[in-house]
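K.L.:
To be precise about what I am sending: the file is called my_file07.pdb and holds PDB, C-alpha atoms.
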ATOM      1  CA  MET A   1      88.097  71.579 109.581  1.00  0.00           C
ATOM      2  CA  SER A   2      87.271  74.109 112.264  1.00  0.00           C
ATOM      3  CA  PRO A   3      84.525  76.678 111.532  1.00  0.00           C
ATOM      4  CA  LEU A   4      86.973  79.260 112.930  1.00  0.00           C
ATOM      5  CA  LEU A   5      88.687  79.110 109.534  1.00  0.00           C
ATOM      6  CA  ILE A   6      85.703  80.872 107.965  1.00  0.00           C
ATOM      7  CA  PRO A   7      86.176  84.330 109.585  1.00  0.00           C
ATOM      8  CA  ILE A   8      89.970  84.038 109.276  1.00  0.00           C
ATOM      9  CA  THR A   9      89.883  83.286 105.547  1.00  0.00           C
ATOM     10  CA  ILE A  10      87.221  85.924 104.885  1.00  0.00           C
ATOM     11  CA  GLU A  11      89.344  88.510 106.691  1.00  0.00           C
ATOM     12  CA  TRP A  12      92.292  87.561 104.468  1.00  0.00           C
ATOM     13  CA  VAL A  13      90.164  87.983 101.333  1.00  0.00           C
ATOM     14  CA  ILE A  14      89.031  91.432 102.492  1.00  0.00           C
ATOM     15  CA  LEU A  15      92.585  92.393 103.471  1.00  0.00           C
ATOM     16  CA  VAL A  16      94.078  91.402 100.090  1.00  0.00           C
ATOM     17  CA  THR A  17      91.339  92.863  97.900  1.00  0.00           C
ATOM     18  CA  THR A  18      91.346  96.207  99.715  1.00  0.00           C
ATOM     19  CA  LEU A  19      95.092  96.671 100.264  1.00  0.00           C
ATOM     20  CA  ALA A  20      96.399  95.349  96.935  1.00  0.00           C
ATOM     21  CA  PRO A  21      95.376  98.436  94.917  1.00  0.00           C
ATOM     22  CA  LEU A  22      96.898 100.716  97.581  1.00  0.00           C
ATOM     23  CA  VAL A  23     100.160  98.825  98.088  1.00  0.00           C
ATOM     24  CA  LEU A  24     100.969  97.288  94.709  1.00  0.00           C
ATOM     25  CA  VAL A  25      99.954  99.817  92.052  1.00  0.00           C
ATOM     26  CA  GLY A  26     102.969 101.597  90.568  1.00  0.00           C
ATOM     27  CA  ARG A  27     105.499  99.829  92.799  1.00  0.00           C
ATOM     28  CA  PHE A  28     107.170  97.568  90.259  1.00  0.00           C
ATOM     29  CA  ASP A  29     107.958  99.678  87.197  1.00  0.00           C
ATOM     30  CA  ALA A  30     111.644  98.775  87.511  1.00  0.00           C
ATOM     31  CA  ARG A  31     110.876  95.050  87.906  1.00  0.00           C
ATOM     32  CA  PRO A  32     107.651  94.347  85.985  1.00  0.00           C
ATOM     33  CA  LYS A  33     108.062  90.551  86.043  1.00  0.00           C
ATOM     34  CA  LEU A  34     108.194  90.603  89.836  1.00  0.00           C
ATOM     35  CA  GLY A  35     105.160  92.888  89.890  1.00  0.00           C
ATOM     36  CA  LEU A  36     103.119  90.546  87.689  1.00  0.00           C
ATOM     37  CA  THR A  37     104.075  87.595  89.888  1.00  0.00           C
ATOM     38  CA  ILE A  38     103.195  89.344  93.158  1.00  0.00           C
ATOM     39  CA  TRP A  39      99.834  90.560  91.793  1.00  0.00           C
ATOM     40  CA  PHE A  40      98.774  87.088  90.782  1.00  0.00           C
ATOM     41  CA  LEU A  41     100.103  85.406  93.924  1.00  0.00           C
ATOM     42  CA  SER A  42      98.174  87.845  96.108  1.00  0.00           C
ATOM     43  CA  LEU A  43      94.926  87.336  94.222  1.00  0.00           C
ATOM     44  CA  LEU A  44      95.531  83.576  94.028  1.00  0.00           C
ATOM     45  CA  SER A  45      95.906  83.456  97.824  1.00  0.00           C
ATOM     46  CA  SER A  46      92.669  85.422  98.101  1.00  0.00           C
ATOM     47  CA  GLY A  47      90.884  82.963  95.811  1.00  0.00           C
ATOM     48  CA  LEU A  48      92.201  79.983  97.778  1.00  0.00           C
ATOM     49  CA  ALA A  49      91.083  81.579 101.038  1.00  0.00           C
ATOM     50  CA  ALA A  50      87.585  82.092  99.630  1.00  0.00           C
ATOM     51  CA  ALA A  51      87.503  78.460  98.451  1.00  0.00           C
ATOM     52  CA  ILE A  52      88.577  77.244 101.910  1.00  0.00           C
ATOM     53  CA  ALA A  53      85.855  79.340 103.574  1.00  0.00           C
ATOM     54  CA  LEU A  54      83.227  77.920 101.225  1.00  0.00           C
ATOM     55  CA  THR A  55      84.455  74.356 101.750  1.00  0.00           C
ATOM     56  CA  VAL A  56      84.406  74.698 105.540  1.00  0.00           C
ATOM     57  CA  ALA A  57      80.914  76.245 105.430  1.00  0.00           C
ATOM     58  CA  ILE A  58      79.511  73.438 103.284  1.00  0.00           C
ATOM     59  CA  SER A  59      81.241  70.792 105.402  1.00  0.00           C
ATOM     60  CA  SER A  60      79.811  72.324 108.574  1.00  0.00           C
ATOM     61  CA  VAL A  61      76.298  72.285 107.120  1.00  0.00           C
ATOM     62  CA  PHE A  62      76.462  68.591 106.241  1.00  0.00           C
ATOM     63  CA  THR A  63      78.095  67.696 109.574  1.00  0.00           C
ATOM     64  CA  THR A  64      75.379  69.534 111.484  1.00  0.00           C
ATOM     65  CA  TYR A  65      72.722  67.936 109.298  1.00  0.00           C
ATOM     66  CA  ALA A  66      74.066  64.435 110.028  1.00  0.00           C
ATOM     67  CA  LYS A  67      74.118  65.091 113.774  1.00  0.00           C
ATOM     68  CA  LEU A  68      70.595  66.456 113.799  1.00  0.00           C
ATOM     69  CA  LEU A  69      69.313  63.418 111.923  1.00  0.00           C
ATOM     70  CA  ASP A  70      70.366  61.316 114.901  1.00  0.00           C
ATOM     71  CA  SER A  71      68.086  63.319 117.186  1.00  0.00           C
ATOM     72  CA  PRO A  72      64.779  61.606 118.007  1.00  0.00           C
ATOM     73  CA  PHE A  73      61.759  62.934 116.135  1.00  0.00           C
ATOM     74  CA  GLY A  74      59.855  65.437 118.183  1.00  0.00           C
ATOM     75  CA  SER A  75      62.858  66.621 120.154  1.00  0.00           C
ATOM     76  CA  THR A  76      63.353  70.300 120.892  1.00  0.00           C
ATOM     77  CA  ASP A  77      65.750  70.481 117.907  1.00  0.00           C
ATOM     78  CA  TRP A  78      63.101  69.642 115.310  1.00  0.00           C
ATOM     79  CA  GLN A  79      63.007  73.196 113.931  1.00  0.00           C
ATOM     80  CA  SER A  80      66.769  73.278 113.438  1.00  0.00           C
ATOM     81  CA  THR A  81      66.674  69.815 111.901  1.00  0.00           C
ATOM     82  CA  LEU A  82      64.015  70.891 109.445  1.00  0.00           C
ATOM     83  CA  MET A  83      65.951  74.004 108.444  1.00  0.00           C
ATOM     84  CA  VAL A  84      69.261  72.182 108.040  1.00  0.00           C
ATOM     85  CA  SER A  85      67.611  69.397 106.014  1.00  0.00           C
ATOM     86  CA  PHE A  86      66.898  71.976 103.332  1.00  0.00           C
ATOM     87  CA  ALA A  87      70.464  73.302 103.366  1.00  0.00           C
ATOM     88  CA  PRO A  88      71.931  70.856 100.764  1.00  0.00           C
ATOM     89  CA  TRP A  89      69.176  71.737  98.306  1.00  0.00           C
ATOM     90  CA  ILE A  90      69.658  75.436  98.913  1.00  0.00           C
ATOM     91  CA  ILE A  91      73.395  75.042  98.325  1.00  0.00           C
ATOM     92  CA  LEU A  92      72.690  73.105  95.134  1.00  0.00           C
ATOM     93  CA  ALA A  93      70.402  75.880  93.893  1.00  0.00           C
ATOM     94  CA  ILE A  94      72.977  78.540  94.730  1.00  0.00           C
ATOM     95  CA  SER A  95      75.649  76.522  92.908  1.00  0.00           C
ATOM     96  CA  GLY A  96      73.439  76.337  89.830  1.00  0.00           C
ATOM     97  CA  VAL A  97      72.897  80.094  89.873  1.00  0.00           C
ATOM     98  CA  ALA A  98      76.629  80.645  90.396  1.00  0.00           C
ATOM     99  CA  LEU A  99      77.480  78.453  87.402  1.00  0.00           C
ATOM    100  CA  ALA A 100      75.006  80.383  85.253  1.00  0.00           C
ATOM    101  CA  LEU A 101      76.543  83.684  86.337  1.00  0.00           C
ATOM    102  CA  ILE A 102      80.061  82.387  85.671  1.00  0.00           C
ATOM    103  CA  ASN A 103      79.053  81.296  82.173  1.00  0.00           C
ATOM    104  CA  GLN A 104      77.571  84.735  81.608  1.00  0.00           C
ATOM    105  CA  ARG A 105      80.801  86.342  82.779  1.00  0.00           C
ATOM    106  CA  LEU A 106      82.950  84.097  80.591  1.00  0.00           C
ATOM    107  CA  GLU A 107      80.959  84.807  77.440  1.00  0.00           C
ATOM    108  CA  PRO A 108      82.852  88.065  76.704  1.00  0.00           C
ATOM    109  CA  LEU A 109      86.148  86.147  76.773  1.00  0.00           C
ATOM    110  CA  ILE A 110      84.738  83.640  74.311  1.00  0.00           C
ATOM    111  CA  SER A 111      83.542  86.494  72.101  1.00  0.00           C
ATOM    112  CA  VAL A 112      87.022  88.038  72.118  1.00  0.00           C
ATOM    113  CA  ALA A 113      88.511  84.703  71.066  1.00  0.00           C
ATOM    114  CA  ARG A 114      85.988  84.467  68.235  1.00  0.00           C
ATOM    115  CA  GLU A 115      86.775  88.007  67.102  1.00  0.00           C
ATOM    116  CA  SER A 116      90.533  87.344  67.022  1.00  0.00           C
ATOM    117  CA  LYS A 117      90.130  84.252  64.831  1.00  0.00           C
ATOM    118  CA  PRO A 118      89.390  86.226  61.618  1.00  0.00           C
ATOM    119  CA  LEU A 119      92.651  88.148  62.109  1.00  0.00           C
ATOM    120  CA  ILE A 120      94.570  84.888  62.307  1.00  0.00           C
ATOM    121  CA  ASP A 121      92.726  83.409  59.344  1.00  0.00           C
ATOM    122  CA  ALA A 122      93.317  86.541  57.271  1.00  0.00           C
ATOM    123  CA  ALA A 123      97.041  86.245  57.945  1.00  0.00           C
ATOM    124  CA  SER A 124      97.313  82.704  56.640  1.00  0.00           C
ATOM    125  CA  LYS A 125     100.778  83.046  55.099  1.00  0.00           C
ATOM    126  CA  PRO A 126     103.740  84.275  57.155  1.00  0.00           C
ATOM    127  CA  TRP A 127     105.488  87.353  55.792  1.00  0.00           C
ATOM    128  CA  MET A 128     108.769  86.527  57.523  1.00  0.00           C
ATOM    129  CA  THR A 129     110.270  84.768  60.521  1.00  0.00           C
ATOM    130  CA  PHE A 130     111.816  86.787  63.322  1.00  0.00           C
ATOM    131  CA  GLU A 131     113.762  85.116  66.140  1.00  0.00           C
ATOM    132  CA  GLY A 132     111.936  81.871  65.406  1.00  0.00           C
ATOM    133  CA  TYR A 133     108.462  83.448  65.436  1.00  0.00           C
ATOM    134  CA  GLU A 134     106.290  83.807  62.359  1.00  0.00           C
ATOM    135  CA  VAL A 135     105.349  87.361  61.430  1.00  0.00           C
ATOM    136  CA  PHE A 136     102.055  87.883  59.586  1.00  0.00           C
ATOM    137  CA  THR A 137     100.776  90.989  57.846  1.00  0.00           C
ATOM    138  CA  ILE A 138      97.137  92.002  58.142  1.00  0.00           C
ATOM    139  CA  GLU A 139      95.079  94.394  56.030  1.00  0.00           C
ATOM    140  CA  LEU A 140      94.106  97.158  58.445  1.00  0.00           C
ATOM    141  CA  PRO A 141      94.094 100.940  57.851  1.00  0.00           C
ATOM    142  CA  ILE A 142      95.768 101.626  61.215  1.00  0.00           C
ATOM    143  CA  PHE A 143      99.101 101.103  62.906  1.00  0.00           C
ATOM    144  CA  LEU A 144      98.790  97.785  64.727  1.00  0.00           C
ATOM    145  CA  ALA A 145     101.204  95.236  66.132  1.00  0.00           C
ATOM    146  CA  ALA A 146     100.083  92.375  68.361  1.00  0.00           C
ATOM    147  CA  THR A 147     100.760  88.787  69.323  1.00  0.00           C
ATOM    148  CA  VAL A 148      98.193  86.013  69.008  1.00  0.00           C
ATOM    149  CA  ARG A 149      98.935  82.362  69.803  1.00  0.00           C
ATOM    150  CA  GLY A 150     102.668  82.833  69.522  1.00  0.00           C
ATOM    151  CA  ARG A 151     102.418  84.711  66.230  1.00  0.00           C
ATOM    152  CA  ILE A 152     103.310  88.332  65.567  1.00  0.00           C
ATOM    153  CA  LEU A 153     100.711  90.318  63.635  1.00  0.00           C
ATOM    154  CA  ILE A 154     101.535  93.690  62.118  1.00  0.00           C
ATOM    155  CA  SER A 155      99.453  95.830  59.795  1.00  0.00           C
ATOM    156  CA  LYS A 156     100.676  96.605  56.289  1.00  0.00           C
ATOM    157  CA  VAL A 157     100.203 100.316  56.969  1.00  0.00           C
ATOM    158  CA  ALA A 158     102.757 100.086  59.782  1.00  0.00           C
ATOM    159  CA  ILE A 159     105.200  98.042  57.685  1.00  0.00           C
ATOM    160  CA  GLU A 160     105.079 100.550  54.850  1.00  0.00           C
ATOM    161  CA  ALA A 161     105.505 103.567  57.152  1.00  0.00           C
ATOM    162  CA  LEU A 162     108.268 102.296  59.448  1.00  0.00           C
ATOM    163  CA  ASP A 163     111.933 102.241  58.546  1.00  0.00           C
ATOM    164  CA  GLU A 164     114.085  99.193  59.166  1.00  0.00           C
ATOM    165  CA  HIS A 165     115.200 100.242  62.655  1.00  0.00           C
ATOM    166  CA  GLU A 166     111.665 101.109  63.774  1.00  0.00           C
ATOM    167  CA  LEU A 167     110.371  97.793  62.475  1.00  0.00           C
ATOM    168  CA  GLN A 168     113.093  96.022  64.449  1.00  0.00           C
ATOM    169  CA  ALA A 169     111.984  97.876  67.582  1.00  0.00           C
ATOM    170  CA  VAL A 170     108.378  96.770  67.039  1.00  0.00           C
ATOM    171  CA  LEU A 171     109.334  93.152  66.436  1.00  0.00           C
ATOM    172  CA  TRP A 172     111.609  92.945  69.484  1.00  0.00           C
ATOM    173  CA  HIS A 173     108.833  94.467  71.594  1.00  0.00           C
ATOM    174  CA  GLU A 174     106.364  91.825  70.393  1.00  0.00           C
ATOM    175  CA  VAL A 175     108.889  89.044  70.995  1.00  0.00           C
ATOM    176  CA  GLY A 176     109.122  90.384  74.548  1.00  0.00           C
ATOM    177  CA  HIS A 177     105.371  89.928  74.895  1.00  0.00           C
ATOM    178  CA  ILE A 178     105.555  86.328  73.664  1.00  0.00           C
ATOM    179  CA  ARG A 179     108.500  85.305  75.820  1.00  0.00           C
ATOM    180  CA  GLY A 180     107.000  87.044  78.838  1.00  0.00           C
ATOM    181  CA  ARG A 181     103.730  85.129  78.357  1.00  0.00           C
ATOM    182  CA  HIS A 182     101.914  88.432  78.666  1.00  0.00           C
ATOM    183  CA  ASN A 183      98.812  87.274  76.806  1.00  0.00           C
ATOM    184  CA  ALA A 184      98.289  84.526  79.391  1.00  0.00           C
ATOM    185  CA  PHE A 185      98.597  87.083  82.206  1.00  0.00           C
ATOM    186  CA  LYS A 186      96.118  89.389  80.462  1.00  0.00           C
ATOM    187  CA  GLN A 187      93.621  86.566  79.949  1.00  0.00           C
ATOM    188  CA  LEU A 188      93.826  85.605  83.628  1.00  0.00           C
ATOM    189  CA  ALA A 189      93.416  89.236  84.649  1.00  0.00           C
ATOM    190  CA  SER A 190      90.363  89.572  82.389  1.00  0.00           C
ATOM    191  CA  LEU A 191      88.895  86.416  83.914  1.00  0.00           C
ATOM    192  CA  VAL A 192      89.354  87.780  87.441  1.00  0.00           C
ATOM    193  CA  ARG A 193      87.805  91.081  86.355  1.00  0.00           C
ATOM    194  CA  LEU A 194      84.785  89.359  84.820  1.00  0.00           C
ATOM    195  CA  LEU A 195      84.175  87.151  87.846  1.00  0.00           C
ATOM    196  CA  SER A 196      84.585  89.956  90.382  1.00  0.00           C
ATOM    197  CA  PRO A 197      83.730  93.273  88.684  1.00  0.00           C
ATOM    198  CA  TRP A 198      82.775  94.864  92.023  1.00  0.00           C
ATOM    199  CA  LEU A 199      86.298  94.512  93.478  1.00  0.00           C
ATOM    200  CA  THR A 200      88.638  97.475  93.137  1.00  0.00           C
ATOM    201  CA  ALA A 201      91.541  95.022  93.191  1.00  0.00           C
ATOM    202  CA  SER A 202      90.320  93.240  90.066  1.00  0.00           C
ATOM    203  CA  LYS A 203      89.964  96.536  88.204  1.00  0.00           C
ATOM    204  CA  ALA A 204      93.437  97.584  89.292  1.00  0.00           C
ATOM    205  CA  LEU A 205      94.752  94.162  88.289  1.00  0.00           C
ATOM    206  CA  VAL A 206      93.710  94.547  84.643  1.00  0.00           C
ATOM    207  CA  LEU A 207      95.220  98.025  84.394  1.00  0.00           C
ATOM    208  CA  GLU A 208      98.452  97.014  86.118  1.00  0.00           C
ATOM    209  CA  VAL A 209      98.896  93.859  84.051  1.00  0.00           C
ATOM    210  CA  ASP A 210      98.527  95.840  80.814  1.00  0.00           C
ATOM    211  CA  ARG A 211     100.932  98.502  82.020  1.00  0.00           C
ATOM    212  CA  LEU A 212     103.542  96.118  83.437  1.00  0.00           C
ATOM    213  CA  ALA A 213     103.365  93.937  80.311  1.00  0.00           C
ATOM    214  CA  GLU A 214     104.191  96.949  78.137  1.00  0.00           C
ATOM    215  CA  ILE A 215     107.060  97.956  80.428  1.00  0.00           C
ATOM    216  CA  ASP A 216     108.422  94.399  80.433  1.00  0.00           C
ATOM    217  CA  ALA A 217     108.206  94.147  76.626  1.00  0.00           C
ATOM    218  CA  ASP A 218     109.988  97.505  76.293  1.00  0.00           C
ATOM    219  CA  LEU A 219     112.760  96.372  78.648  1.00  0.00           C
ATOM    220  CA  TYR A 220     113.191  93.247  76.542  1.00  0.00           C
ATOM    221  CA  ALA A 221     113.333  95.307  73.336  1.00  0.00           C
ATOM    222  CA  LEU A 222     115.931  97.630  74.874  1.00  0.00           C
ATOM    223  CA  ARG A 223     118.366  94.732  74.978  1.00  0.00           C
ATOM    224  CA  HIS A 224     118.472  94.947  71.181  1.00  0.00           C
ATOM    225  CA  VAL A 225     117.519  98.533  70.208  1.00  0.00           C
ATOM    226  CA  ASP A 226     118.312 101.936  71.685  1.00  0.00           C
ATOM    227  CA  GLN A 227     115.921 103.907  73.872  1.00  0.00           C
ATOM    228  CA  GLY A 228     115.470 106.770  71.423  1.00  0.00           C
ATOM    229  CA  ARG A 229     114.443 104.487  68.576  1.00  0.00           C
ATOM    230  CA  LEU A 230     111.990 102.592  70.767  1.00  0.00           C
ATOM    231  CA  THR A 231     110.437 105.791  72.120  1.00  0.00           C
ATOM    232  CA  SER A 232     109.997 107.348  68.675  1.00  0.00           C
ATOM    233  CA  THR A 233     108.461 104.136  67.319  1.00  0.00           C
ATOM    234  CA  ARG A 234     106.006 103.920  70.201  1.00  0.00           C
ATOM    235  CA  ARG A 235     105.051 107.563  69.603  1.00  0.00           C
ATOM    236  CA  ARG A 236     104.286 106.805  65.952  1.00  0.00           C
ATOM    237  CA  PHE A 237     101.890 104.035  66.985  1.00  0.00           C
ATOM    238  CA  LEU A 238     100.187 106.289  69.541  1.00  0.00           C
ATOM    239  CA  LEU A 239      99.746 109.150  67.075  1.00  0.00           C
ATOM    240  CA  SER A 240      98.587 107.033  64.121  1.00  0.00           C
TER
END
What would the structure in this file look like if it were written as structure tokens?
P.N.:
Amino acid sequence: MSPLLIPITIEWVILVTTLAPLVLVGRFDARPKLGLTIWFLSLLSSGLAAAIALTVAISSVFTTYAKLLDSPFGSTDWQSTLMVSFAPWIILAISGVALALINQRLEPLISVARESKPLIDAASKPWMTFEGYEVFTIELPIFLAATVRGRILISKVAIEALDEHELQAVLWHEVGHIRGRHNAFKQLASLVRLLSPWLTASKALVLEVDRLAEIDADLYALRHVDQGRLTSTRRRFLLS
């Protein structure tokens, strides 16, 4: 592969990561699914471009190294040969450091998974089934509704305070999250944020994914409940 790919791919990475927050934020409120797709496709293309640049750079180093090895000892290229001969070991060291940093970045995600396990364990028996999904109650002194591993979790406080129509609105909203695979999108966004905390695009990604996921779940719920009921129920969760 031509070394010319390196500046081209790097320019694409810079273009995507700088323009995405300016162009994409707030553009897809009416079509949140499309917004989620475009966000991830843009960042995926940026990641692929970075991988191509790295691959071409490494390939160029080894190609140059092989050519310099063919030069007779003592030629005018001996300094370059010596420098390039260390390149594979330098790359190996950098890779090791990168892996350590990645593991450090991924640790918060692992911690979140560990923290969510007690909630699932505490809700060992389903309270009911809604649209084919098990609904579990959890003992928490706050209004809470969430989805974990295809299950709907709702606090007893919320169940006791909500009327039948409000509870239906909550459940349809959570079903919207499950069917929209929003948790998977949020996990991917968190991973991007952890691996590239210095990029404005990754920060915007997390915020936009959360916002678009809520809009998408609300749109799904509105197929089954009216707008006024959904709005009042959401307000009760915000004010609790």
K.L.:
Measuring atom to atom with only C-alpha atoms, identify which of A:Leu15, A:Ile215, A:Leu188, A:Ala158 is nearest to Ala146 (chain A).
P.N.:
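Smallest separation from Ala146 (chain A) among the options: A:Ala158.
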K.L.:
Have a look at A:Arg211, A:Arg235, A:Lys203, A:Lys156 and name the one nearest to His182 (chain A); count only C-alpha atoms.
P.N.:
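Of A:Arg211, A:Arg235, A:Lys203, A:Lys156, the one nearest His182 (chain A), counting only C-alpha atoms, is A:Arg211.
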K.L.:
Quick one: distance from CA of Leu36 (chain A) to CA of Leu48 (chain A) in Å, one decimal?
P.N.:
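Interatomic distance, CA of Leu36 (chain A) to CA of Leu48 (chain A): 18.2 Å.
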K.L.:
Would you list the residues near (99.6, 94.4, 57.1) (no more than 7 Å away, in the coordinates of the file, using all atoms listed in the file) as a PyMOL selection string?
P.N.:
chain A and resi 137-140+154-157+159
K.L.:
So which one's closest to Ala189 (chain A), A:Ile38, A:Val135, A:Glu208, A:Asp218? Using only C-alpha atoms, please.
P.N.:
A:Glu208
K.L.:
I'd like to know which of A:Arg27, A:His224, A:Arg236, A:Lys33 is closest to Ala169 (chain A), using all atoms listed in the file.
P.N.:
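Comparing A:Arg27, A:His224, A:Arg236, A:Lys33 against Ala169 (chain A), the winner is A:His224.
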K.L.:
So, counting only C-alpha atoms, which residue among A:Arg149, A:Ala53, A:Glu160, A:Ala217 is closest to Ala184 (chain A)?
P.N.:
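Looking at the shortest contact to Ala184 (chain A), the residue is A:Arg149.
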K.L.:
Considering all atoms listed in the file, return as a list in words whatever protein or nucleic-acid residues lie within 10 Å of Leu219 (chain A), sequence-local ones (same chain, fewer than 2 positions apart) excluded.
P.N.:
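Within the cut-off, the hits are Ala30, Arg31, Pro32, Trp172, His173, Gly176, Ala213, Glu214, Ile215, Asp216, Ala217, Ala221, Leu222, Arg223, His224, Val225 and Gln227 of chain A.
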K.L.:
Could you work out how far CA of Asn183 (chain A) lies from CA of Trp198 (chain A), giving the answer in Å with one decimal?
P.N.:
23.4 Å
K.L.:
Looking at A:Leu54, A:Leu144, A:Leu19, A:Ile152, which one is nearest to Trp39 (chain A), with distances taken over all atoms listed in the file?
P.N.:
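Of A:Leu54, A:Leu144, A:Leu19, A:Ile152, the one nearest Trp39 (chain A), counting all atoms listed in the file, is A:Leu19.
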K.L.:
Using CA of Arg151 (chain A) and CA of Leu171 (chain A) as the two end points, give the distance in Å to one decimal.
P.N.:
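Pair CA of Arg151 (chain A) / CA of Leu171 (chain A) returns 10.9 Å.
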K.L.:
Around the point (89.1, 92.2, 90.6), in the coordinates given by the file, pick out the residues reaching within 12 Å, counting only C-alpha atoms, and return them as a PyMOL selection string.
P.N.:
chain A and resi 13-14+16-18+20-21+39-40+42-44+46-47+188-209
